[in-house]
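Q: The following file, data-v2.cif, comprises mmCIF, N, CA and C atoms:
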data_work
loop_
_atom_site.label_atom_id
_atom_site.label_comp_id
_atom_site.auth_asym_id
_atom_site.auth_seq_id
_atom_site.Cartn_x
_atom_site.Cartn_y
_atom_site.Cartn_z
N MET A 1 23.63 -20.96 -21.50
CA MET A 1 24.73 -20.18 -20.97
C MET A 1 25.11 -19.11 -21.98
N ASN A 2 25.20 -17.94 -21.49
CA ASN A 2 25.46 -16.80 -22.34
C ASN A 2 26.79 -16.18 -21.90
N LEU A 3 27.61 -15.80 -22.83
CA LEU A 3 28.91 -15.21 -22.53
C LEU A 3 28.75 -13.92 -21.73
N ARG A 4 27.77 -13.14 -22.11
CA ARG A 4 27.53 -11.87 -21.41
C ARG A 4 27.13 -12.13 -19.96
N ASP A 5 26.29 -13.15 -19.73
CA ASP A 5 25.88 -13.47 -18.36
C ASP A 5 27.05 -13.92 -17.50
N ILE A 6 27.94 -14.69 -18.08
CA ILE A 6 29.11 -15.17 -17.32
C ILE A 6 30.01 -13.99 -16.96
N LYS A 7 30.20 -13.07 -17.90
CA LYS A 7 31.01 -11.89 -17.61
C LYS A 7 30.38 -11.06 -16.50
N LYS A 8 29.06 -10.92 -16.52
CA LYS A 8 28.37 -10.19 -15.47
C LYS A 8 28.48 -10.90 -14.14
N ASP A 9 28.42 -12.24 -14.15
CA ASP A 9 28.55 -13.01 -12.91
C ASP A 9 29.93 -12.80 -12.29
N ILE A 10 30.96 -12.82 -13.12
CA ILE A 10 32.32 -12.61 -12.63
C ILE A 10 32.43 -11.22 -12.01
N GLU A 11 31.92 -10.23 -12.70
CA GLU A 11 31.95 -8.85 -12.19
C GLU A 11 31.22 -8.76 -10.85
N TYR A 12 30.03 -9.33 -10.78
CA TYR A 12 29.20 -9.21 -9.59
C TYR A 12 29.80 -9.95 -8.40
N VAL A 13 30.17 -11.20 -8.60
CA VAL A 13 30.63 -12.03 -7.49
C VAL A 13 31.95 -11.50 -6.92
N LEU A 14 32.89 -11.20 -7.78
CA LEU A 14 34.17 -10.71 -7.26
C LEU A 14 34.06 -9.26 -6.79
N GLY A 15 33.21 -8.49 -7.40
CA GLY A 15 32.97 -7.13 -6.92
C GLY A 15 32.35 -7.13 -5.52
N ALA A 16 31.43 -8.06 -5.29
CA ALA A 16 30.82 -8.18 -3.96
C ALA A 16 31.86 -8.60 -2.93
N PHE A 17 32.78 -9.49 -3.31
CA PHE A 17 33.82 -9.91 -2.38
C PHE A 17 34.73 -8.73 -2.03
N ILE A 18 35.12 -7.95 -3.00
CA ILE A 18 35.98 -6.80 -2.75
C ILE A 18 35.26 -5.78 -1.89
N ASP A 19 33.96 -5.58 -2.13
CA ASP A 19 33.17 -4.68 -1.29
C ASP A 19 33.13 -5.17 0.16
N ASP A 20 32.95 -6.49 0.33
CA ASP A 20 32.91 -7.04 1.69
C ASP A 20 34.24 -6.84 2.41
N CYS A 21 35.32 -7.00 1.69
CA CYS A 21 36.65 -6.77 2.29
C CYS A 21 36.81 -5.31 2.70
N SER A 22 36.40 -4.41 1.85
CA SER A 22 36.57 -2.99 2.17
C SER A 22 35.65 -2.56 3.31
N VAL A 23 34.45 -3.13 3.39
CA VAL A 23 33.56 -2.82 4.51
C VAL A 23 34.16 -3.34 5.81
N PHE A 24 34.70 -4.53 5.79
CA PHE A 24 35.32 -5.08 6.99
C PHE A 24 36.51 -4.24 7.42
N ALA A 25 37.31 -3.79 6.47
CA ALA A 25 38.47 -2.96 6.81
C ALA A 25 38.02 -1.63 7.38
N THR A 26 36.92 -1.09 6.90
CA THR A 26 36.41 0.18 7.39
C THR A 26 35.85 0.04 8.79
N VAL A 27 35.11 -1.02 9.03
CA VAL A 27 34.48 -1.23 10.33
C VAL A 27 35.50 -1.61 11.40
N ASN A 28 36.51 -2.36 11.01
CA ASN A 28 37.54 -2.83 11.95
C ASN A 28 38.89 -2.26 11.56
N PRO A 29 39.21 -1.06 12.04
CA PRO A 29 40.48 -0.45 11.63
C PRO A 29 41.71 -1.19 12.15
N ASN A 30 41.57 -2.00 13.20
CA ASN A 30 42.73 -2.71 13.73
C ASN A 30 42.83 -4.13 13.18
N ALA A 31 42.11 -4.42 12.10
CA ALA A 31 42.19 -5.74 11.47
C ALA A 31 43.53 -5.87 10.75
N GLY A 32 43.91 -7.11 10.45
CA GLY A 32 45.18 -7.35 9.78
C GLY A 32 45.19 -6.80 8.37
N ASP A 33 45.87 -5.68 8.19
CA ASP A 33 45.90 -5.04 6.87
C ASP A 33 46.65 -5.89 5.85
N GLU A 34 47.70 -6.58 6.28
CA GLU A 34 48.47 -7.40 5.34
C GLU A 34 47.62 -8.55 4.82
N GLU A 35 46.84 -9.16 5.71
CA GLU A 35 46.00 -10.28 5.30
C GLU A 35 44.90 -9.82 4.34
N LEU A 36 44.30 -8.68 4.66
CA LEU A 36 43.25 -8.16 3.79
C LEU A 36 43.79 -7.75 2.42
N SER A 37 44.95 -7.12 2.41
CA SER A 37 45.52 -6.73 1.12
C SER A 37 45.91 -7.97 0.31
N GLY A 38 46.33 -9.02 0.99
CA GLY A 38 46.62 -10.28 0.30
C GLY A 38 45.37 -10.88 -0.32
N LEU A 39 44.26 -10.82 0.43
CA LEU A 39 43.00 -11.33 -0.10
C LEU A 39 42.52 -10.50 -1.30
N LEU A 40 42.69 -9.20 -1.19
CA LEU A 40 42.29 -8.34 -2.31
C LEU A 40 43.14 -8.61 -3.54
N ASP A 41 44.43 -8.84 -3.34
CA ASP A 41 45.31 -9.18 -4.46
C ASP A 41 44.89 -10.50 -5.11
N GLU A 42 44.54 -11.48 -4.26
CA GLU A 42 44.08 -12.76 -4.80
C GLU A 42 42.79 -12.58 -5.61
N ALA A 43 41.88 -11.75 -5.10
CA ALA A 43 40.61 -11.53 -5.80
C ALA A 43 40.85 -10.85 -7.14
N ILE A 44 41.75 -9.89 -7.17
CA ILE A 44 42.05 -9.20 -8.43
C ILE A 44 42.72 -10.14 -9.42
N ASP A 45 43.64 -10.96 -8.93
CA ASP A 45 44.29 -11.95 -9.80
C ASP A 45 43.27 -12.95 -10.35
N LEU A 46 42.35 -13.39 -9.49
CA LEU A 46 41.31 -14.31 -9.93
C LEU A 46 40.42 -13.66 -10.98
N TYR A 47 40.07 -12.41 -10.75
CA TYR A 47 39.26 -11.67 -11.72
C TYR A 47 39.94 -11.63 -13.07
N ASN A 48 41.22 -11.26 -13.08
CA ASN A 48 41.96 -11.18 -14.35
C ASN A 48 42.07 -12.55 -15.02
N GLU A 49 42.32 -13.58 -14.23
CA GLU A 49 42.44 -14.93 -14.76
C GLU A 49 41.12 -15.39 -15.40
N LEU A 50 40.01 -15.14 -14.70
CA LEU A 50 38.71 -15.57 -15.21
C LEU A 50 38.31 -14.77 -16.45
N LYS A 51 38.61 -13.49 -16.47
CA LYS A 51 38.29 -12.69 -17.65
C LYS A 51 39.09 -13.18 -18.86
N ASP A 52 40.34 -13.57 -18.63
CA ASP A 52 41.14 -14.12 -19.73
C ASP A 52 40.54 -15.42 -20.24
N LYS A 53 40.07 -16.26 -19.31
CA LYS A 53 39.46 -17.53 -19.72
C LYS A 53 38.16 -17.30 -20.48
N VAL A 54 37.39 -16.33 -20.06
CA VAL A 54 36.12 -16.04 -20.73
C VAL A 54 36.38 -15.51 -22.14
N ASN A 55 37.39 -14.67 -22.28
CA ASN A 55 37.67 -14.06 -23.58
C ASN A 55 38.48 -14.96 -24.51
N ALA A 56 38.96 -16.09 -24.01
CA ALA A 56 39.76 -17.00 -24.84
C ALA A 56 38.87 -17.65 -25.89
N LYS A 57 39.47 -17.94 -27.03
CA LYS A 57 38.73 -18.59 -28.11
C LYS A 57 38.55 -20.06 -27.74
N VAL A 58 37.31 -20.51 -27.82
CA VAL A 58 36.97 -21.87 -27.42
C VAL A 58 36.61 -22.67 -28.66
N GLU A 59 37.23 -23.84 -28.75
CA GLU A 59 36.88 -24.75 -29.83
C GLU A 59 36.12 -25.91 -29.22
N GLY A 60 35.06 -26.31 -29.87
CA GLY A 60 34.25 -27.41 -29.36
C GLY A 60 33.00 -26.87 -28.69
N PRO A 61 32.41 -27.68 -27.84
CA PRO A 61 31.14 -27.27 -27.20
C PRO A 61 31.37 -26.13 -26.20
N LYS A 62 30.79 -25.00 -26.51
CA LYS A 62 30.98 -23.82 -25.66
C LYS A 62 30.16 -23.91 -24.38
N GLY A 63 29.02 -24.56 -24.45
CA GLY A 63 28.15 -24.66 -23.27
C GLY A 63 28.84 -25.36 -22.11
N ALA A 64 29.52 -26.45 -22.40
CA ALA A 64 30.22 -27.19 -21.35
C ALA A 64 31.38 -26.37 -20.78
N TYR A 65 32.07 -25.66 -21.66
CA TYR A 65 33.19 -24.83 -21.22
C TYR A 65 32.71 -23.71 -20.29
N PHE A 66 31.62 -23.06 -20.68
CA PHE A 66 31.12 -21.95 -19.88
C PHE A 66 30.49 -22.41 -18.57
N SER A 67 29.85 -23.58 -18.57
CA SER A 67 29.29 -24.08 -17.30
C SER A 67 30.41 -24.47 -16.35
N GLY A 68 31.50 -25.02 -16.88
CA GLY A 68 32.66 -25.32 -16.04
C GLY A 68 33.31 -24.05 -15.51
N LEU A 69 33.31 -23.02 -16.33
CA LEU A 69 33.87 -21.73 -15.92
C LEU A 69 33.02 -21.10 -14.81
N ARG A 70 31.71 -21.23 -14.95
CA ARG A 70 30.82 -20.68 -13.91
C ARG A 70 31.03 -21.41 -12.58
N LYS A 71 31.20 -22.72 -12.62
CA LYS A 71 31.48 -23.49 -11.40
C LYS A 71 32.81 -23.04 -10.79
N GLU A 72 33.79 -22.80 -11.64
CA GLU A 72 35.10 -22.36 -11.15
C GLU A 72 35.01 -21.00 -10.45
N VAL A 73 34.21 -20.10 -11.00
CA VAL A 73 34.01 -18.78 -10.39
C VAL A 73 33.48 -18.95 -8.97
N LEU A 74 32.45 -19.77 -8.84
CA LEU A 74 31.82 -19.95 -7.53
C LEU A 74 32.72 -20.67 -6.53
N GLU A 75 33.43 -21.69 -6.99
CA GLU A 75 34.31 -22.44 -6.08
C GLU A 75 35.47 -21.58 -5.58
N LYS A 76 36.10 -20.85 -6.48
CA LYS A 76 37.25 -20.04 -6.08
C LYS A 76 36.83 -18.84 -5.24
N THR A 77 35.67 -18.28 -5.53
CA THR A 77 35.19 -17.17 -4.71
C THR A 77 34.79 -17.66 -3.33
N ASP A 78 34.23 -18.87 -3.26
CA ASP A 78 33.89 -19.46 -1.96
C ASP A 78 35.15 -19.67 -1.13
N ALA A 79 36.24 -20.09 -1.77
CA ALA A 79 37.50 -20.25 -1.06
C ALA A 79 38.01 -18.90 -0.53
N LEU A 80 37.84 -17.84 -1.31
CA LEU A 80 38.23 -16.50 -0.85
C LEU A 80 37.39 -16.06 0.34
N TYR A 81 36.10 -16.37 0.32
CA TYR A 81 35.24 -16.00 1.44
C TYR A 81 35.61 -16.78 2.71
N GLU A 82 36.05 -18.01 2.55
CA GLU A 82 36.50 -18.78 3.72
C GLU A 82 37.75 -18.14 4.32
N LYS A 83 38.65 -17.66 3.48
CA LYS A 83 39.85 -16.96 3.98
C LYS A 83 39.45 -15.66 4.68
N LEU A 84 38.50 -14.94 4.10
CA LEU A 84 38.02 -13.71 4.73
C LEU A 84 37.37 -14.02 6.07
N SER A 85 36.67 -15.12 6.16
CA SER A 85 36.04 -15.53 7.41
C SER A 85 37.09 -15.77 8.49
N GLU A 86 38.20 -16.37 8.12
CA GLU A 86 39.29 -16.60 9.07
C GLU A 86 39.88 -15.27 9.56
N VAL A 87 40.03 -14.32 8.66
CA VAL A 87 40.55 -13.01 9.03
C VAL A 87 39.59 -12.32 9.99
N VAL A 88 38.30 -12.45 9.73
CA VAL A 88 37.29 -11.84 10.60
C VAL A 88 37.33 -12.49 11.99
N LYS A 89 37.47 -13.81 12.04
CA LYS A 89 37.55 -14.50 13.33
C LYS A 89 38.78 -14.05 14.11
N LYS A 90 39.90 -13.90 13.44
CA LYS A 90 41.12 -13.44 14.12
C LYS A 90 40.94 -12.03 14.67
N ALA A 91 40.29 -11.19 13.90
CA ALA A 91 40.07 -9.81 14.34
C ALA A 91 39.11 -9.77 15.52
N ALA A 92 38.14 -10.67 15.54
CA ALA A 92 37.18 -10.69 16.64
C ALA A 92 37.82 -11.21 17.92
N GLU A 93 38.76 -12.15 17.79
CA GLU A 93 39.42 -12.72 18.97
C GLU A 93 40.51 -11.82 19.51
N ALA A 94 41.09 -10.98 18.66
CA ALA A 94 42.19 -10.11 19.09
C ALA A 94 41.67 -9.08 20.08
N PRO A 95 42.50 -8.76 21.09
CA PRO A 95 42.05 -7.74 22.04
C PRO A 95 41.94 -6.39 21.34
N LYS A 96 40.92 -5.68 21.72
CA LYS A 96 40.69 -4.38 21.09
C LYS A 96 41.63 -3.35 21.68
N ALA A 97 42.05 -2.42 20.83
CA ALA A 97 42.95 -1.35 21.28
C ALA A 97 42.18 -0.44 22.22
N PRO A 98 42.80 -0.04 23.32
CA PRO A 98 42.10 0.85 24.25
C PRO A 98 41.87 2.21 23.62
N LYS A 99 40.72 2.77 23.95
CA LYS A 99 40.40 4.09 23.42
C LYS A 99 41.20 5.13 24.17
N ALA A 100 41.51 6.20 23.49
CA ALA A 100 42.26 7.29 24.12
C ALA A 100 41.35 7.92 25.18
N GLU A 101 41.84 7.91 26.41
CA GLU A 101 41.03 8.46 27.49
C GLU A 101 41.23 9.96 27.53
N THR A 102 40.15 10.64 27.70
CA THR A 102 40.22 12.09 27.78
C THR A 102 40.30 12.48 29.25
N ALA A 103 41.47 12.89 29.64
CA ALA A 103 41.67 13.30 31.02
C ALA A 103 41.21 14.74 31.17
N GLU A 104 40.52 14.99 32.25
CA GLU A 104 40.05 16.36 32.48
C GLU A 104 41.19 17.20 32.99
N LYS A 105 41.15 18.47 32.61
CA LYS A 105 42.16 19.41 33.05
C LYS A 105 41.88 19.78 34.51
N PRO A 106 42.92 20.05 35.27
CA PRO A 106 42.69 20.51 36.62
C PRO A 106 41.92 21.83 36.61
N ALA A 107 41.29 22.14 37.72
CA ALA A 107 40.43 23.32 37.80
C ALA A 107 41.21 24.60 37.51
N ALA A 108 42.49 24.65 37.85
CA ALA A 108 43.28 25.87 37.64
C ALA A 108 43.48 26.13 36.14
N GLU A 109 43.53 25.07 35.30
CA GLU A 109 43.78 25.24 33.88
C GLU A 109 42.50 25.50 33.08
N LYS A 110 41.35 25.22 33.67
CA LYS A 110 40.09 25.42 32.94
C LYS A 110 39.82 26.90 32.78
N LYS A 111 39.31 27.25 31.63
CA LYS A 111 38.94 28.63 31.39
C LYS A 111 37.56 28.86 31.97
N PRO A 112 37.35 30.02 32.58
CA PRO A 112 36.02 30.28 33.12
C PRO A 112 35.02 30.47 31.99
N ALA A 113 33.81 30.03 32.23
CA ALA A 113 32.77 30.16 31.23
C ALA A 113 32.38 31.62 31.09
N THR A 114 32.29 32.09 29.87
CA THR A 114 31.90 33.49 29.64
C THR A 114 30.48 33.51 29.13
N LYS A 115 29.75 34.50 29.59
CA LYS A 115 28.36 34.63 29.16
C LYS A 115 28.34 35.48 27.89
N LYS A 116 27.52 35.06 27.00
CA LYS A 116 27.36 35.80 25.75
C LYS A 116 26.22 36.80 25.94
N ALA A 117 26.37 37.94 25.29
CA ALA A 117 25.32 38.95 25.35
C ALA A 117 24.11 38.45 24.57
N PRO A 118 22.90 38.69 25.09
CA PRO A 118 21.72 38.22 24.36
C PRO A 118 21.59 38.95 23.03
N ALA A 119 21.12 38.25 22.04
CA ALA A 119 20.96 38.84 20.71
C ALA A 119 19.82 39.84 20.74
N LYS A 120 19.96 40.88 19.96
CA LYS A 120 18.92 41.90 19.90
C LYS A 120 17.76 41.37 19.09
N LYS A 121 16.58 41.61 19.61
CA LYS A 121 15.38 41.18 18.92
C LYS A 121 14.78 42.35 18.17
N ALA A 122 14.37 42.10 16.95
CA ALA A 122 13.75 43.15 16.16
C ALA A 122 12.27 43.20 16.50
N ASP A 123 11.73 44.36 16.60
CA ASP A 123 10.31 44.51 16.88
C ASP A 123 9.52 44.05 15.68
N ALA A 124 8.40 43.44 15.95
CA ALA A 124 7.54 42.98 14.87
C ALA A 124 6.94 44.15 14.12
N ALA A 125 6.79 45.30 14.79
CA ALA A 125 6.19 46.46 14.14
C ALA A 125 7.15 47.08 13.12
N GLU A 126 8.45 46.95 13.34
CA GLU A 126 9.43 47.55 12.45
C GLU A 126 9.48 46.84 11.10
N LYS A 127 9.40 45.51 11.10
CA LYS A 127 9.52 44.75 9.87
C LYS A 127 8.23 43.98 9.63
N PRO A 128 7.42 44.43 8.70
CA PRO A 128 6.18 43.70 8.42
C PRO A 128 6.51 42.41 7.65
N ALA A 129 5.66 41.42 7.83
CA ALA A 129 5.85 40.15 7.13
C ALA A 129 5.56 40.34 5.65
N THR A 130 6.45 39.88 4.81
CA THR A 130 6.28 40.03 3.35
C THR A 130 6.09 38.68 2.68
N LYS A 131 5.62 37.71 3.41
CA LYS A 131 5.47 36.38 2.87
C LYS A 131 4.23 36.33 1.98
N LYS A 132 4.41 35.84 0.75
CA LYS A 132 3.32 35.75 -0.20
C LYS A 132 2.81 34.31 -0.26
N ALA A 133 1.56 34.18 -0.54
CA ALA A 133 0.97 32.86 -0.69
C ALA A 133 1.43 32.27 -2.02
N PRO A 134 1.63 30.96 -2.08
CA PRO A 134 2.08 30.36 -3.34
C PRO A 134 1.01 30.48 -4.41
N ALA A 135 1.46 30.64 -5.64
CA ALA A 135 0.54 30.78 -6.77
C ALA A 135 -0.13 29.45 -7.04
N LYS A 136 -1.41 29.50 -7.40
CA LYS A 136 -2.15 28.28 -7.69
C LYS A 136 -1.95 27.91 -9.14
N LYS A 137 -1.82 26.61 -9.37
CA LYS A 137 -1.66 26.12 -10.74
C LYS A 137 -3.03 25.86 -11.33
N PRO A 138 -3.21 26.14 -12.62
CA PRO A 138 -4.50 25.86 -13.22
C PRO A 138 -4.75 24.36 -13.31
N ALA A 139 -5.99 23.99 -13.21
CA ALA A 139 -6.35 22.57 -13.27
C ALA A 139 -6.10 22.04 -14.67
N ALA A 140 -5.69 20.79 -14.74
CA ALA A 140 -5.42 20.16 -16.03
C ALA A 140 -6.73 19.91 -16.76
N LYS A 141 -6.73 20.13 -18.06
CA LYS A 141 -7.92 19.91 -18.86
C LYS A 141 -8.01 18.44 -19.26
N LYS A 142 -9.22 17.93 -19.21
CA LYS A 142 -9.44 16.53 -19.59
C LYS A 142 -9.66 16.45 -21.09
N ALA A 143 -9.05 15.48 -21.71
CA ALA A 143 -9.27 15.25 -23.14
C ALA A 143 -10.51 14.40 -23.30
N GLU A 144 -11.42 14.86 -24.12
CA GLU A 144 -12.67 14.11 -24.31
C GLU A 144 -12.68 13.44 -25.65
#
What does the file become when written as structure tokens?
A:
Amino acid sequence: MNLRDIKKDIEYVLGAFIDDCSVFATVNPNAGDEELSGLLDEAIDLYNELKDKVNAKVEGPKGAYFSGLRKEVLEKTDALYEKLSEVVKKAAEAPKAPKAETAEKPAAEKKPATKKAPAKKADAAEKPATKKAPAKKPAAKKAE
């Protein structure tokens, strides 16, 4: 067990949870914002708590302390994911907000379609093509 690895694990696991929450909030705009913000607050508090525990001075066997800390990271993050799962289930069961219907305007209010004048075409004889072929690169020399 390495201190650096545990710090990276905390960053990765809780960062992934926060990303999942933000993706869910983006995909489901009518989801419970209060519940999601509460989950995000819990995740941030857990992150701060775990970072404090990792940075604390440990007396005695460090391996056992760090392995217990790694288990704690996984257990508490799993509990957060279960809460997020409940929020997702509630959002899926909730009736969806009706989309704004676009009512058509009556015929009297519609503007008549106007035709645009065709664009003027330039004669090919007036403007000759000035496109140049790309320059060739010299072949690489082989070292013998």
Q: If I take atom N of Arg70 in chain A and CA of Ala16 in chain A, how far is one from the other in Å, to one decimal?
A: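 Atom-to-atom, atom N of Arg70 in chain A to CA of Ala16 in chain A, that is 17.1 Å.
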Q: Interatomic distance between atom C of Thr26 in chain A and atom N of Lys76 in chain A?
A: 25.9 Å
Q: For CA of Tyr47 in chain A and atom N of Val73 in chain A, quote the distance in Å rounded to one decimal.
A: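 Atom N of Val73 in chain A lies 9.9 Å from CA of Tyr47 in chain A.
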Q: Please expand the PyMOL selection byres (((chain A and resi 42 and name CA) around 12) and name CA) into the concrete residues it hits in this file, giving the result as a PyMOL selection string.
A: chain A and resi 14+17-18+21+35-41+43-49+76-77+79-81+83-84
Q: Check the smallest atom-to-atom distance from each of A:Gly68, A:Arg4, A:Ala31, A:Gly63 to Ala92 in chain A using all atoms listed in the file, then report the winner.
A: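 Ranking A:Gly68, A:Arg4, A:Ala31, A:Gly63 by distance to Ala92 in chain A, first place goes to A:Ala31.
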Q: Give me the residues near Val54 in chain A as a ChimeraX atom specification, where near means some atom within 8 Å (using all atoms listed in the file) and where sequence neighbours in that chain fewer than 5 positions away do not count.
A: /A:3,6-7,48-49,66,69
Q: Atoms to include: N, CA and C atoms. Write the selected residues as a PDB file, keeping the file's coordinate frame.
A:
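Generated file (selection.pdb):
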ATOM      1  N   LEU A   3      27.610 -15.800 -22.830  1.00  0.00           N
ATOM      2  CA  LEU A   3      28.910 -15.210 -22.530  1.00  0.00           C
ATOM      3  C   LEU A   3      28.750 -13.920 -21.730  1.00  0.00           C
ATOM      4  N   ILE A   6      27.940 -14.690 -18.080  1.00  0.00           N
ATOM      5  CA  ILE A   6      29.110 -15.170 -17.320  1.00  0.00           C
ATOM      6  C   ILE A   6      30.010 -13.990 -16.960  1.00  0.00           C
ATOM      7  N   LYS A   7      30.200 -13.070 -17.900  1.00  0.00           N
ATOM      8  CA  LYS A   7      31.010 -11.890 -17.610  1.00  0.00           C
ATOM      9  C   LYS A   7      30.380 -11.060 -16.500  1.00  0.00           C
ATOM     10  N   ASN A  48      41.220 -11.260 -13.080  1.00  0.00           N
ATOM     11  CA  ASN A  48      41.960 -11.180 -14.350  1.00  0.00           C
ATOM     12  C   ASN A  48      42.070 -12.550 -15.020  1.00  0.00           C
ATOM     13  N   GLU A  49      42.320 -13.580 -14.230  1.00  0.00           N
ATOM     14  CA  GLU A  49      42.440 -14.930 -14.760  1.00  0.00           C
ATOM     15  C   GLU A  49      41.120 -15.390 -15.400  1.00  0.00           C
ATOM     16  N   PHE A  66      31.620 -23.060 -20.680  1.00  0.00           N
ATOM     17  CA  PHE A  66      31.120 -21.950 -19.880  1.00  0.00           C
ATOM     18  C   PHE A  66      30.490 -22.410 -18.570  1.00  0.00           C
ATOM     19  N   LEU A  69      33.310 -23.020 -16.330  1.00  0.00           N
ATOM     20  CA  LEU A  69      33.870 -21.730 -15.920  1.00  0.00           C
ATOM     21  C   LEU A  69      33.020 -21.100 -14.810  1.00  0.00           C
TER      22      LEU A  69
END
